[in-house]
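Novice: File structure-v1.cif below, mmCIF, C-alpha atoms and all ligand atoms:
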data_run
#
loop_
_atom_site.label_atom_id
_atom_site.label_comp_id
_atom_site.auth_asym_id
_atom_site.auth_seq_id
_atom_site.Cartn_x
_atom_site.Cartn_y
_atom_site.Cartn_z
CA MET A 240 -77.85 0.71 10.65
CA ILE A 241 -77.40 1.45 6.95
CA LYS A 242 -75.33 -1.43 5.65
CA PHE A 243 -72.62 -0.87 3.09
CA LEU A 244 -74.01 -3.76 1.07
CA ASP A 245 -76.88 -5.94 2.27
CA LEU A 246 -76.17 -9.17 0.39
CA HIS A 247 -78.91 -11.08 2.17
CA LYS A 248 -81.50 -8.54 1.09
CA ILE A 249 -80.13 -8.51 -2.45
CA ASN A 250 -80.44 -12.28 -2.88
CA GLU A 251 -83.65 -12.64 -0.87
CA ARG A 252 -85.51 -11.00 -3.78
CA PHE A 253 -84.70 -14.05 -5.90
CA ARG A 254 -85.16 -16.73 -3.26
CA LYS A 255 -88.03 -18.56 -4.93
CA GLU A 256 -86.34 -18.77 -8.30
CA ILE A 257 -82.96 -19.64 -6.80
CA ASP A 258 -84.49 -22.38 -4.62
CA GLU A 259 -86.13 -23.87 -7.67
CA ARG A 260 -82.99 -23.79 -9.82
CA ILE A 261 -80.82 -25.28 -7.06
CA LYS A 262 -83.43 -28.01 -6.66
CA ASN A 263 -83.07 -28.69 -10.40
CA VAL A 264 -79.33 -29.16 -9.94
CA LEU A 265 -79.91 -31.56 -7.06
CA ASP A 266 -82.49 -33.47 -9.05
CA SER A 267 -80.20 -33.72 -12.04
CA GLY A 268 -77.29 -35.21 -10.07
CA TRP A 269 -74.93 -33.27 -12.39
CA TYR A 270 -72.69 -30.71 -10.67
CA LEU A 271 -70.00 -29.53 -13.06
CA LEU A 272 -69.84 -28.62 -16.77
CA GLY A 273 -73.53 -29.25 -17.31
CA ASN A 274 -76.60 -27.51 -18.65
CA GLN A 275 -76.73 -24.75 -16.03
CA ASP A 276 -73.23 -23.65 -16.96
CA LYS A 277 -73.99 -23.94 -20.67
CA ASN A 278 -77.16 -21.86 -20.36
CA PHE A 279 -75.52 -19.16 -18.32
CA GLU A 280 -72.52 -18.97 -20.65
CA GLN A 281 -74.85 -18.49 -23.62
CA ASN A 282 -76.95 -15.89 -21.86
CA PHE A 283 -73.99 -13.94 -20.53
CA ALA A 284 -72.24 -13.98 -23.92
CA LYS A 285 -75.42 -12.61 -25.46
CA TYR A 286 -75.72 -9.99 -22.74
CA CYS A 287 -72.16 -8.78 -23.36
CA GLY A 288 -72.57 -8.99 -27.13
CA VAL A 289 -69.71 -11.46 -27.62
CA LYS A 290 -69.29 -14.84 -29.29
CA HIS A 291 -67.85 -16.75 -26.35
CA CYS A 292 -68.26 -16.93 -22.61
CA ILE A 293 -66.35 -19.48 -20.55
CA GLY A 294 -67.45 -19.95 -16.96
CA VAL A 295 -64.47 -20.25 -14.61
CA ALA A 296 -63.86 -20.47 -10.87
CA ASN A 297 -63.22 -16.77 -10.12
CA GLY A 298 -62.16 -13.46 -11.59
CA LEU A 299 -58.47 -13.85 -10.84
CA ASP A 300 -58.35 -17.17 -12.71
CA ALA A 301 -60.17 -15.55 -15.64
CA LEU A 302 -57.49 -12.85 -16.03
CA ASN A 303 -54.72 -15.29 -15.32
CA MET A 304 -55.83 -17.73 -18.02
CA ILE A 305 -56.28 -14.97 -20.61
CA ILE A 306 -52.64 -13.94 -20.16
CA ARG A 307 -51.50 -17.55 -20.18
CA ALA A 308 -53.53 -18.44 -23.27
CA TYR A 309 -51.93 -15.58 -25.18
CA GLY A 310 -48.58 -17.11 -24.29
CA PHE A 311 -47.29 -14.06 -22.40
CA GLY A 312 -44.62 -14.84 -19.84
CA THR A 313 -41.24 -13.91 -18.41
CA GLY A 314 -39.83 -10.72 -19.89
CA ASP A 315 -43.16 -9.57 -21.30
CA GLU A 316 -44.69 -6.34 -20.05
CA ILE A 317 -48.35 -5.61 -19.51
CA ILE A 318 -49.63 -2.10 -18.89
CA VAL A 319 -52.11 -1.80 -16.03
CA PRO A 320 -53.55 1.05 -13.92
CA ALA A 321 -51.58 1.56 -10.70
CA ASN A 322 -54.69 2.07 -8.54
CA THR A 323 -56.51 -1.14 -9.40
CA TYR A 324 -57.55 -3.93 -7.06
CA ILE A 325 -54.52 -6.13 -6.57
CA ALA A 326 -56.00 -9.10 -8.48
CA SER A 327 -55.40 -7.38 -11.84
CA ILE A 328 -51.70 -7.13 -11.03
CA LEU A 329 -51.47 -10.59 -9.46
CA ALA A 330 -52.73 -12.11 -12.72
CA ILE A 331 -49.86 -10.42 -14.54
CA SER A 332 -47.11 -11.35 -12.11
CA GLU A 333 -48.41 -14.89 -11.68
CA ASN A 334 -47.58 -15.46 -15.35
CA GLY A 335 -44.06 -14.11 -14.85
CA CYS A 336 -44.91 -10.94 -16.78
CA THR A 337 -43.98 -7.48 -15.53
CA PRO A 338 -46.82 -5.14 -14.61
CA ILE A 339 -46.15 -1.60 -15.87
CA LEU A 340 -48.10 0.65 -13.54
CA VAL A 341 -49.77 3.69 -15.09
CA GLU A 342 -51.36 6.53 -13.16
CA PRO A 343 -55.14 7.06 -13.28
CA ASP A 344 -57.17 10.18 -13.92
CA ILE A 345 -57.97 11.64 -10.50
CA ASN A 346 -61.61 12.39 -11.31
CA THR A 347 -62.76 9.17 -13.01
CA TYR A 348 -60.24 6.92 -11.19
CA ASN A 349 -59.67 5.05 -14.48
CA ILE A 350 -56.32 4.72 -16.28
CA ASN A 351 -55.15 7.97 -17.88
CA PRO A 352 -54.89 7.12 -21.61
CA ASP A 353 -52.46 10.01 -22.18
CA LEU A 354 -49.83 8.30 -20.02
CA ILE A 355 -49.89 4.90 -21.73
CA GLU A 356 -47.84 5.40 -24.86
CA GLU A 357 -44.71 6.65 -23.06
CA LYS A 358 -44.61 3.33 -21.17
CA ILE A 359 -44.58 1.13 -24.26
CA THR A 360 -41.35 -0.73 -25.00
CA THR A 361 -40.38 -3.56 -27.35
CA ARG A 362 -41.40 -5.97 -24.58
CA THR A 363 -44.94 -4.62 -24.15
CA LYS A 364 -47.53 -7.24 -25.09
CA ALA A 365 -50.85 -5.97 -23.76
CA ILE A 366 -52.80 -3.22 -22.08
CA MET A 367 -55.00 -4.37 -19.24
CA VAL A 368 -57.81 -1.88 -18.78
CA VAL A 369 -59.74 -2.01 -15.51
CA HIS A 370 -63.29 -0.61 -15.49
CA LEU A 371 -62.76 0.47 -11.92
CA TYR A 372 -65.62 1.08 -9.49
CA GLY A 373 -68.06 0.18 -12.30
CA GLN A 374 -67.11 2.75 -14.92
CA ALA A 375 -66.19 1.61 -18.43
CA VAL A 376 -62.85 3.02 -19.53
CA GLN A 377 -62.98 5.54 -22.40
CA MET A 378 -61.53 3.21 -25.00
CA ASP A 379 -61.01 5.40 -28.11
CA LYS A 380 -57.39 6.36 -27.49
CA ILE A 381 -56.56 2.94 -26.09
CA TRP A 382 -57.92 1.16 -29.17
CA GLU A 383 -55.76 3.43 -31.29
CA ILE A 384 -52.62 2.85 -29.22
CA ALA A 385 -53.16 -0.92 -29.16
CA LYS A 386 -53.57 -1.00 -32.92
CA ARG A 387 -50.51 1.18 -33.56
CA HIS A 388 -48.27 -0.97 -31.35
CA ASN A 389 -49.91 -4.33 -32.04
CA LEU A 390 -50.94 -4.92 -28.42
CA LYS A 391 -53.76 -7.03 -27.01
CA ILE A 392 -56.37 -5.34 -24.88
CA ILE A 393 -57.38 -7.34 -21.82
CA GLU A 394 -60.34 -6.05 -19.84
CA ASP A 395 -60.65 -6.51 -16.12
CA SER A 396 -64.44 -6.27 -16.02
CA ALA A 397 -64.82 -7.62 -12.49
CA GLN A 398 -66.55 -4.44 -11.28
CA ALA A 399 -68.47 -3.38 -14.36
CA HIS A 400 -71.05 -5.95 -15.51
CA GLY A 401 -73.38 -4.08 -17.86
CA ALA A 402 -71.43 -0.83 -18.18
CA SER A 403 -70.96 0.31 -21.74
CA TYR A 404 -68.85 2.51 -23.95
CA LYS A 405 -70.24 3.79 -27.25
CA GLY A 406 -72.94 1.13 -27.32
CA HIS A 407 -70.67 -1.81 -26.50
CA ARG A 408 -70.81 -3.47 -23.14
CA THR A 409 -67.73 -4.29 -21.08
CA GLY A 410 -66.56 -7.76 -21.99
CA ASN A 411 -66.73 -6.62 -25.60
CA LEU A 412 -64.36 -3.65 -25.49
CA GLY A 413 -61.08 -5.47 -26.00
CA ASP A 414 -59.65 -8.80 -27.15
CA ALA A 415 -60.66 -10.72 -24.04
CA ALA A 416 -62.22 -9.89 -20.69
CA GLY A 417 -62.22 -11.36 -17.20
CA PHE A 418 -65.33 -11.13 -15.02
CA SER A 419 -65.81 -11.97 -11.36
CA PHE A 420 -69.09 -13.10 -9.81
CA TYR A 421 -67.87 -12.76 -6.23
CA PRO A 422 -70.99 -12.23 -4.08
CA GLY A 423 -70.52 -8.47 -3.72
CA LYS A 424 -70.14 -7.68 -7.43
CA ASN A 425 -73.04 -6.18 -9.42
CA LEU A 426 -73.74 -9.69 -10.69
CA GLY A 427 -72.76 -11.96 -7.83
CA CYS A 428 -73.23 -15.65 -7.09
CA MET A 429 -73.29 -17.44 -3.74
CA GLY A 430 -69.63 -18.28 -3.54
CA ASP A 431 -66.83 -17.82 -6.05
CA GLY A 432 -67.37 -17.59 -9.77
CA GLY A 433 -65.96 -15.91 -12.85
CA ALA A 434 -65.97 -15.84 -16.63
CA VAL A 435 -63.90 -15.02 -19.67
CA THR A 436 -65.58 -13.35 -22.63
CA THR A 437 -64.03 -12.99 -26.09
CA ASN A 438 -64.82 -12.99 -29.80
CA ASP A 439 -61.66 -14.99 -30.52
CA ASP A 440 -62.53 -18.65 -31.33
CA GLU A 441 -59.01 -19.94 -30.84
CA LEU A 442 -58.49 -18.16 -27.53
CA ALA A 443 -61.85 -19.37 -26.24
CA ALA A 444 -61.05 -23.00 -27.05
CA LYS A 445 -57.63 -22.69 -25.43
CA ILE A 446 -59.00 -21.17 -22.23
CA ARG A 447 -61.74 -23.78 -22.04
CA ALA A 448 -59.08 -26.46 -22.20
CA ILE A 449 -56.66 -24.78 -19.75
CA ALA A 450 -59.50 -24.43 -17.24
CA ASN A 451 -60.20 -28.15 -17.45
CA TYR A 452 -56.75 -29.69 -16.77
CA GLY A 453 -55.54 -28.64 -20.19
CA SER A 454 -57.89 -31.14 -21.76
CA ASN A 455 -59.65 -30.62 -25.09
CA ARG A 456 -61.40 -33.96 -24.80
CA LYS A 457 -61.62 -36.45 -22.01
CA TYR A 458 -58.19 -37.82 -20.94
CA ASN A 459 -56.47 -35.93 -23.74
CA HIS A 460 -54.23 -33.21 -22.30
CA ILE A 461 -52.73 -30.65 -24.64
CA TYR A 462 -51.74 -28.06 -21.97
CA LYS A 463 -50.47 -28.31 -18.42
CA GLY A 464 -53.77 -26.90 -17.32
CA ILE A 465 -55.49 -26.02 -14.09
CA ASN A 466 -58.88 -26.76 -12.57
CA SER A 467 -61.01 -23.64 -12.78
CA ARG A 468 -64.69 -24.23 -13.44
CA LEU A 469 -67.98 -22.49 -12.68
CA ASP A 470 -70.04 -25.08 -10.83
CA GLU A 471 -73.66 -25.84 -11.70
CA ILE A 472 -75.12 -24.30 -8.54
CA GLN A 473 -73.32 -20.97 -9.06
CA ALA A 474 -74.21 -20.97 -12.76
CA ALA A 475 -77.88 -21.56 -11.87
CA VAL A 476 -77.87 -18.67 -9.38
CA LEU A 477 -76.24 -16.36 -11.92
CA ASP A 478 -78.72 -17.37 -14.61
CA VAL A 479 -81.56 -16.41 -12.27
CA LYS A 480 -80.02 -13.02 -11.49
CA LEU A 481 -78.77 -11.98 -14.94
CA PRO A 482 -82.19 -10.85 -16.28
CA TYR A 483 -82.43 -8.39 -13.36
CA LEU A 484 -78.95 -6.93 -13.76
CA ASP A 485 -79.97 -3.94 -15.89
CA LYS A 486 -82.75 -3.00 -13.52
CA ASP A 487 -80.40 -3.25 -10.55
CA ASN A 488 -77.82 -1.13 -12.35
CA MET A 489 -80.52 1.48 -13.07
CA ARG A 490 -81.29 1.71 -9.37
CA ARG A 491 -77.59 2.18 -8.64
CA ARG A 492 -77.55 4.99 -11.22
CA GLU A 493 -80.54 6.62 -9.58
CA ILE A 494 -78.81 6.59 -6.19
CA ALA A 495 -75.54 7.86 -7.67
CA LYS A 496 -77.42 10.68 -9.38
CA TYR A 497 -79.06 11.66 -6.10
CA TYR A 498 -75.71 11.60 -4.31
CA ARG A 499 -74.04 13.67 -7.02
CA GLU A 500 -76.81 16.25 -7.03
CA ASN A 501 -77.27 16.53 -3.29
CA ILE A 502 -73.95 15.93 -1.57
CA LYS A 503 -72.57 19.40 -1.01
CA ASN A 504 -69.64 19.54 1.30
CA PRO A 505 -66.40 21.47 0.67
CA HIS A 506 -64.36 18.58 2.13
CA ILE A 507 -65.68 16.11 -0.42
CA SER A 508 -64.97 15.58 -4.14
CA LEU A 509 -67.58 13.61 -6.03
CA PRO A 510 -66.79 11.01 -8.72
CA GLU A 511 -67.13 12.03 -12.35
CA THR A 512 -68.61 10.11 -15.24
CA TYR A 513 -68.56 10.90 -18.94
CA SER A 514 -71.91 9.29 -19.78
CA GLU A 515 -74.91 7.74 -18.08
CA ASP A 516 -74.41 4.31 -19.73
CA ALA A 517 -70.73 4.12 -18.85
CA HIS A 518 -71.15 3.69 -15.13
CA VAL A 519 -72.87 0.90 -13.19
CA TRP A 520 -71.68 2.26 -9.81
CA HIS A 521 -70.28 -0.95 -8.35
CA VAL A 522 -69.10 1.37 -5.59
CA PHE A 523 -69.66 5.09 -5.04
CA VAL A 524 -66.24 6.49 -4.25
CA VAL A 525 -65.70 10.04 -3.05
CA ARG A 526 -62.50 11.72 -1.97
CA CYS A 527 -62.21 13.54 1.32
CA ASP A 528 -59.33 15.59 2.76
CA ASN A 529 -59.93 13.88 6.10
CA ARG A 530 -61.19 10.49 5.06
CA ASN A 531 -60.75 8.75 8.40
CA ALA A 532 -62.70 11.41 10.26
CA LEU A 533 -65.50 11.17 7.69
CA GLN A 534 -65.59 7.41 8.11
CA GLN A 535 -65.86 7.79 11.89
CA HIS A 536 -68.55 10.43 11.53
CA LEU A 537 -70.61 8.11 9.33
CA GLU A 538 -70.04 5.16 11.62
CA ALA A 539 -71.19 7.22 14.62
CA ASN A 540 -74.38 7.82 12.62
CA ASN A 541 -74.84 4.13 11.88
CA ILE A 542 -73.73 4.25 8.27
CA GLN A 543 -71.27 1.61 7.08
CA THR A 544 -68.58 2.58 4.60
CA ASN A 545 -65.59 0.92 2.98
CA ILE A 546 -62.22 1.96 1.57
CA HIS A 547 -61.45 0.83 -1.99
CA TYR A 548 -58.55 0.55 -1.31
CA PRO A 549 -56.50 1.61 1.71
CA THR A 550 -53.08 0.68 0.25
CA ALA A 551 -51.80 1.05 -3.32
CA PRO A 552 -50.56 -2.23 -4.85
CA HIS A 553 -47.00 -0.87 -5.22
CA LYS A 554 -47.00 -0.18 -1.47
CA GLN A 555 -48.04 -3.72 -0.56
CA LYS A 556 -45.55 -6.03 1.07
CA CYS A 557 -45.82 -8.56 -1.75
CA TYR A 558 -44.62 -5.97 -4.29
CA THR A 559 -41.63 -4.41 -2.53
CA GLU A 560 -39.84 -4.34 -5.90
CA TYR A 561 -42.18 -1.47 -6.88
CA SER A 562 -42.16 0.34 -3.53
CA THR A 563 -39.82 3.10 -4.69
CA LEU A 564 -41.97 4.02 -7.70
CA SER A 565 -43.37 7.51 -7.50
CA LEU A 566 -47.09 7.40 -8.31
CA PRO A 567 -48.49 10.54 -6.65
CA VAL A 568 -52.01 10.42 -8.12
CA THR A 569 -52.43 6.78 -7.14
CA GLU A 570 -51.07 7.39 -3.65
CA ARG A 571 -53.33 10.39 -3.16
CA ILE A 572 -56.35 8.33 -4.22
CA HIS A 573 -55.53 5.61 -1.73
CA ASP A 574 -55.16 8.21 1.03
CA GLU A 575 -58.39 10.08 0.29
CA VAL A 576 -61.04 7.67 -1.01
CA ILE A 577 -64.03 6.39 0.88
CA SER A 578 -66.98 4.42 -0.53
CA LEU A 579 -70.52 5.33 0.50
CA PRO A 580 -73.28 2.70 0.61
CA ILE A 581 -74.87 1.99 -2.76
CA SER A 582 -76.91 -1.03 -3.79
CA PRO A 583 -80.12 -1.91 -5.61
CA VAL A 584 -81.89 -2.63 -2.32
CA MET A 585 -81.22 0.67 -0.55
CA THR A 586 -84.38 2.62 0.22
CA ASP A 587 -84.92 6.28 -0.64
CA GLU A 588 -84.91 7.10 3.08
CA GLU A 589 -81.53 5.45 3.51
CA VAL A 590 -80.09 7.32 0.55
CA LYS A 591 -81.41 10.61 1.93
CA LYS A 592 -80.00 9.88 5.35
CA VAL A 593 -76.54 9.23 3.90
CA VAL A 594 -76.64 12.61 2.14
CA GLU A 595 -77.74 14.43 5.29
CA VAL A 596 -75.03 12.86 7.40
CA VAL A 597 -72.35 13.43 4.76
CA ASN A 598 -73.37 17.07 4.36
CA ALA A 599 -73.24 17.59 8.13
CA PHE A 600 -69.57 16.50 8.24
CA GLN A 601 -67.24 19.35 9.17
C1 LIG B 701 -63.09 -8.74 -7.58
C2 LIG B 701 -62.03 -8.31 -8.52
C3 LIG B 701 -61.15 -9.22 -9.13
C4 LIG B 701 -61.03 -10.65 -8.71
O1 LIG B 701 -62.16 -11.39 -8.76
P1 LIG B 701 -62.29 -12.72 -7.83
O2 LIG B 701 -63.50 -13.39 -8.35
O3 LIG B 701 -62.46 -12.24 -6.43
O4 LIG B 701 -61.06 -13.51 -8.02
C5 LIG B 701 -60.29 -8.77 -10.10
N1 LIG B 701 -60.23 -7.47 -10.43
C6 LIG B 701 -61.02 -6.55 -9.85
C7 LIG B 701 -60.92 -5.13 -10.28
C8 LIG B 701 -61.94 -6.93 -8.86
O5 LIG B 701 -62.70 -6.01 -8.28
#
Rewrite the structure of this file - the entire thing - as structure tokens.

Specialist:
Amino acid sequence: MIKFLDLHKINERFRKEIDERIKNVLDSGWYLLGNQDKNFEQNFAKYCGVKHCIGVANGLDALNMIIRAYGFGTGDEIIVPANTYIASILAISENGCTPILVEPDINTYNINPDLIEEKITTRTKAIMVVHLYGQAVQMDKIWEIAKRHNLKIIEDSAQAHGASYKGHRTGNLGDAAGFSFYPGKNLGCMGDGGAVTTNDDELAAKIRAIANYGSNRKYNHIYKGINSRLDEIQAAVLDVKLPYLDKDNMRRREIAKYYRENIKNPHISLPETYSEDAHVWHVFVVRCDNRNALQQHLEANNIQTNIHYPTAPHKQKCYTEYSTLSLPVTERIHDEVISLPISPVMTDEEVKKVVEVVNAFQ
């Protein structure tokens, strides 16, 4: 069986170091807001090339608190790609803001920058870019639009740790970014975890307080905050894995390159990328005119796949208010995509086998 993502095998490589660091946490008797968190925050900020990193409980909270800290709420509009994972949109609606869904480019799956400006109104406050499937959004036009209309750029970087655009890593391509360290992400912990990165001192301080019951110092509450912290064990695990992230991403790139050069099947469209550095291949998503049959064919050959994602957010039950929107590119993507196995622990033989089986699909 070729697993879609063998998390056990991924983390097993770090077992000795992880064991040791978890032992340190146990020995210290300190479980929240301690040295592990501080170390990881510093190292991850440095990795992204930003001034601040705030460890939080998960990626959704990270995005949520960015929007809240900017003071965006009811009546405010935030532009977001229509084909994203639902968490991006949940963060917007949770704050009472209105998500303005914009169609993606069919070949890169990222937001189509040419369709953004026509959606801007006097209520627009921000553009949320999503580096979907691991590919950094081409930011040039978006930077320009944001500047012209005085909008914040919020990055959903949950799938793109280490991807870069013009020499800047994700997390440093907008005003503030939300990361997730859910176990299956390119940098994943052993439970839930997330982070906000930003160069904005004021925003960083505000988010740090909101995440800790709205408290800027003990028993002093300046916001009606929440509890959203990265615990010491997760921070320790992440700090062990961070130094290996680039190497893991390189292996993903190698596999993606092999897939793109060797998958040759008229039923299948391969994903496009505009530069080697831009993509960290969180998932390898192809389109197929008969996606379900391809999935069955692969399953029959012991190859696990996934669909990212089967239903567009505007077609979900929780967002019936958007169900009548016509978003043909987004809908087509959700009907046709299928994700092939990709991970830093896949062997060459496994990668070859996937190609053979995919090419044999009729
Ligand atoms: C995983 C993910 C999130 C949410 O992260 P959690 O840590 O699971 O809350 C947000 N946006 C995107 C694009 C994601 O893939």

Novice: Write out as a ChimeraX atom specification which residues come within 10 Å of Gly410 of chain A when counting all atoms listed in the file, dropping same-chain ones fewer than 6 positions away.

Specialist: /A:283-284,286-289,292,393-397,399-403,416-418,434-438

Novice: Report the centre and edge lengths, in Å to one decimal, of an axis-aligned box enclosing every atom of ligand LIG 701 (chain B) listed in the file, padded by 4 Å on each side, as lines of an AutoDock Vina configuration file.

Specialist:
center_x = -61.9
center_y = -9.3
center_z = -8.4
size_x = 11.3
size_y = 16.4
size_z = 12.0

Novice: Using all atoms listed in the file, which residues have at least one atom no more than 7 Å from ligand LIG 701 (chain B)? Output them as a list in words.

Specialist: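 Written in the requested form, the residues are Asn297, Gly298, Leu299, Asp300, Thr323, Tyr324, Ala326, Ser327, Val369, Leu371, Asp395, Ser396, Ala397, Gln398, Ser419, Phe420, Tyr421, Asp431, Gly432 and Gly433 of chain A.
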
Novice: Excluding segment 565-572 of chain A and residues on its chain fewer than 2 positions from it, collect all residues at most 10 Å away from it, counting all atoms listed in the file, and give them as a PyMOL selection string.

Specialist: chain A and resi 320-323+340-346+348+525-528+547-554+561-563+574-577

Novice: Where does segment 543-598 of chain A meet segment 488-495 of chain A within 10 Å, residue by residue, with the nearest atom pair and distance in Å to one decimal for each, counting all atoms listed in the file, listed by chain and rising number, as CSV?

Specialist:
residue,atom,partner,partner_atom,distance
A:Leu579,CA,A:Ala495,CA,9.9
A:Pro580,CA,A:Ile494,CA,9.6
A:Ile581,CA,A:Arg491,CA,6.5
A:Ser582,CA,A:Arg491,CA,5.9
A:Pro583,CA,A:Arg490,CA,5.3
A:Val584,CA,A:Arg490,CA,8.3
A:Met585,CA,A:Ile494,CA,8.5
A:Thr586,CA,A:Ile494,CA,9.4
A:Asp587,CA,A:Ile494,CA,8.3
A:Val590,CA,A:Ile494,CA,6.9
A:Lys591,CA,A:Ile494,CA,9.4

Novice: Please report the interatomic distance between atom CA of Glu588 of chain A and atom CA of Glu256 of chain A in Å with one decimal.

Specialist: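 Distance between the two atoms: 28.3 Å.
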
Novice: Pick from A:Lys255, A:Arg456, A:His291, A:His370: nearest to Lys277 of chain A, with all atoms listed in the file counted?

Specialist: A:His291

Novice: Extract, using all atoms listed in the file, all DNA, RNA and protein residues at most 12 Å from Glu441 of chain A, discarding same-chain residues fewer than 3 positions from it, and format them as a list in words.

Specialist: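 Answer for this query is Lys290, His291, Ile305, Ala308, Tyr309, Asp414, Ala415, Thr437, Asn438, Ala444, Lys445, Ile446, Arg447 and Ala448 of chain A.
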
Novice: Only C-alpha atoms, please: the residues just picked out, written as an mmCIF file, in the frame of the given file.

Specialist:
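Once everything was written out, this is selection_25.cif:
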data_model
loop_
_atom_site.group_PDB
_atom_site.id
_atom_site.type_symbol
_atom_site.label_atom_id
_atom_site.label_comp_id
_atom_site.auth_asym_id
_atom_site.auth_seq_id
_atom_site.Cartn_x
_atom_site.Cartn_y
_atom_site.Cartn_z
ATOM 1 C CA LYS A 290 -69.290 -14.840 -29.290
ATOM 2 C CA HIS A 291 -67.850 -16.750 -26.350
ATOM 3 C CA ILE A 305 -56.280 -14.970 -20.610
ATOM 4 C CA ALA A 308 -53.530 -18.440 -23.270
ATOM 5 C CA TYR A 309 -51.930 -15.580 -25.180
ATOM 6 C CA ASP A 414 -59.650 -8.800 -27.150
ATOM 7 C CA ALA A 415 -60.660 -10.720 -24.040
ATOM 8 C CA THR A 437 -64.030 -12.990 -26.090
ATOM 9 C CA ASN A 438 -64.820 -12.990 -29.800
ATOM 10 C CA ALA A 444 -61.050 -23.000 -27.050
ATOM 11 C CA LYS A 445 -57.630 -22.690 -25.430
ATOM 12 C CA ILE A 446 -59.000 -21.170 -22.230
ATOM 13 C CA ARG A 447 -61.740 -23.780 -22.040
ATOM 14 C CA ALA A 448 -59.080 -26.460 -22.200
#

Novice: In Å to one decimal, how far is atom CA of Met304 of chain A from atom CA of Thr559 of chain A?

Specialist: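 It comes out at 24.9 Å.
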
Novice: Find the residues near Leu329 of chain A: any atom within 9 Å, counting all atoms listed in the file, skip ones fewer than 3 places away on the same chain, and give them as a PyMOL selection string.

Specialist: chain A and resi 299+303+325-326+332-334+338

Novice: Dump C-alpha atoms for the selected residues as a JSON list (two decimals), in the coordinates of the input?

Specialist:
[["chain", "number", "residue", "atom", "x", "y", "z"],
["A", 299, "LEU", "CA", -58.47, -13.85, -10.84],
["A", 303, "ASN", "CA", -54.72, -15.29, -15.32],
["A", 325, "ILE", "CA", -54.52, -6.13, -6.57],
["A", 326, "ALA", "CA", -56.00, -9.10, -8.48],
["A", 332, "SER", "CA", -47.11, -11.35, -12.11],
["A", 333, "GLU", "CA", -48.41, -14.89, -11.68],
["A", 334, "ASN", "CA", -47.58, -15.46, -15.35],
["A", 338, "PRO", "CA", -46.82, -5.14, -14.61]]

Novice: Restricting the calculation to only C-alpha atoms, which member of A:Gln473, A:Asn455, A:Gln374, A:Asn541 is positioned closest to Gly273 of chain A?

Specialist: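 Nearest candidate to Gly273 of chain A out of A:Gln473, A:Asn455, A:Gln374, A:Asn541: A:Gln473.
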
Novice: Between atom CA of Gly294 of chain A and atom CA of Asp470 of chain A, what is the distance, to one decimal in Å?

Specialist: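 Atom-to-atom, atom CA of Gly294 of chain A to atom CA of Asp470 of chain A, that is 8.4 Å.
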
Novice: When you look at segment 596-600 of chain A with a cut-off of 7 Å (counting all atoms listed in the file), what residues show up, excluding the ones that are within fewer than 5 positions of it in the same chain? I need them as JSON, numbers by chain.

Specialist: {"A": [502, 503, 504, 533, 536, 537]}

Novice: Grab the residues selected above and save them as a PDB file, in the frame of the given file with C-alpha atoms.

Specialist:
ATOM      1  CA  ILE A 502     -73.950  15.930  -1.570  1.00  0.00           C
ATOM      2  CA  LYS A 503     -72.570  19.400  -1.010  1.00  0.00           C
ATOM      3  CA  ASN A 504     -69.640  19.540   1.300  1.00  0.00           C
ATOM      4  CA  LEU A 533     -65.500  11.170   7.690  1.00  0.00           C
ATOM      5  CA  HIS A 536     -68.550  10.430  11.530  1.00  0.00           C
ATOM      6  CA  LEU A 537     -70.610   8.110   9.330  1.00  0.00           C
TER       7      LEU A 537
END

Novice: May I ask which of the residues A:Asn274, A:Asn349, A:Asn263, A:Thr313 is the closest one to Pro510 of chain A, counting only C-alpha atoms?

Specialist: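 Smallest separation from Pro510 of chain A among the options: A:Asn349.
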
Novice: Pick out the closest residue to Ile249 of chain A from this set: A:His506, A:Lys556, A:His573, A:Lys480. Count all atoms listed in the file.

Specialist: A:Lys480

Novice: Name the closest residue to Lys405 of chain A among the candidates A:Val476, A:Glu515, A:Asn425, A:Tyr498; distances are taken between atoms, counting all atoms listed in the file.

Specialist: A:Glu515

Novice: Between A:Met240, A:Leu509, A:Gly314, A:Glu251, which has the minimum distance to Met429 of chain A (counting only C-alpha atoms)?

Specialist: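 Among A:Met240, A:Leu509, A:Gly314, A:Glu251, it is A:Glu251 that comes nearest to Met429 of chain A.
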
Novice: Kindly provide, as a list in words, the polymer residues lying within 12 Å of (-73.4, -8.0, 5.1), counting all atoms listed in the file and using the coordinates exactly as they appear in the file.

Specialist: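 Selection result: Met240, Ile241, Lys242, Phe243, Leu244, Asp245, Leu246, His247, Lys248, Ile249, Asn250, Pro422, Gly423, Gln543, Thr544, Pro580 and Ser582 of chain A.
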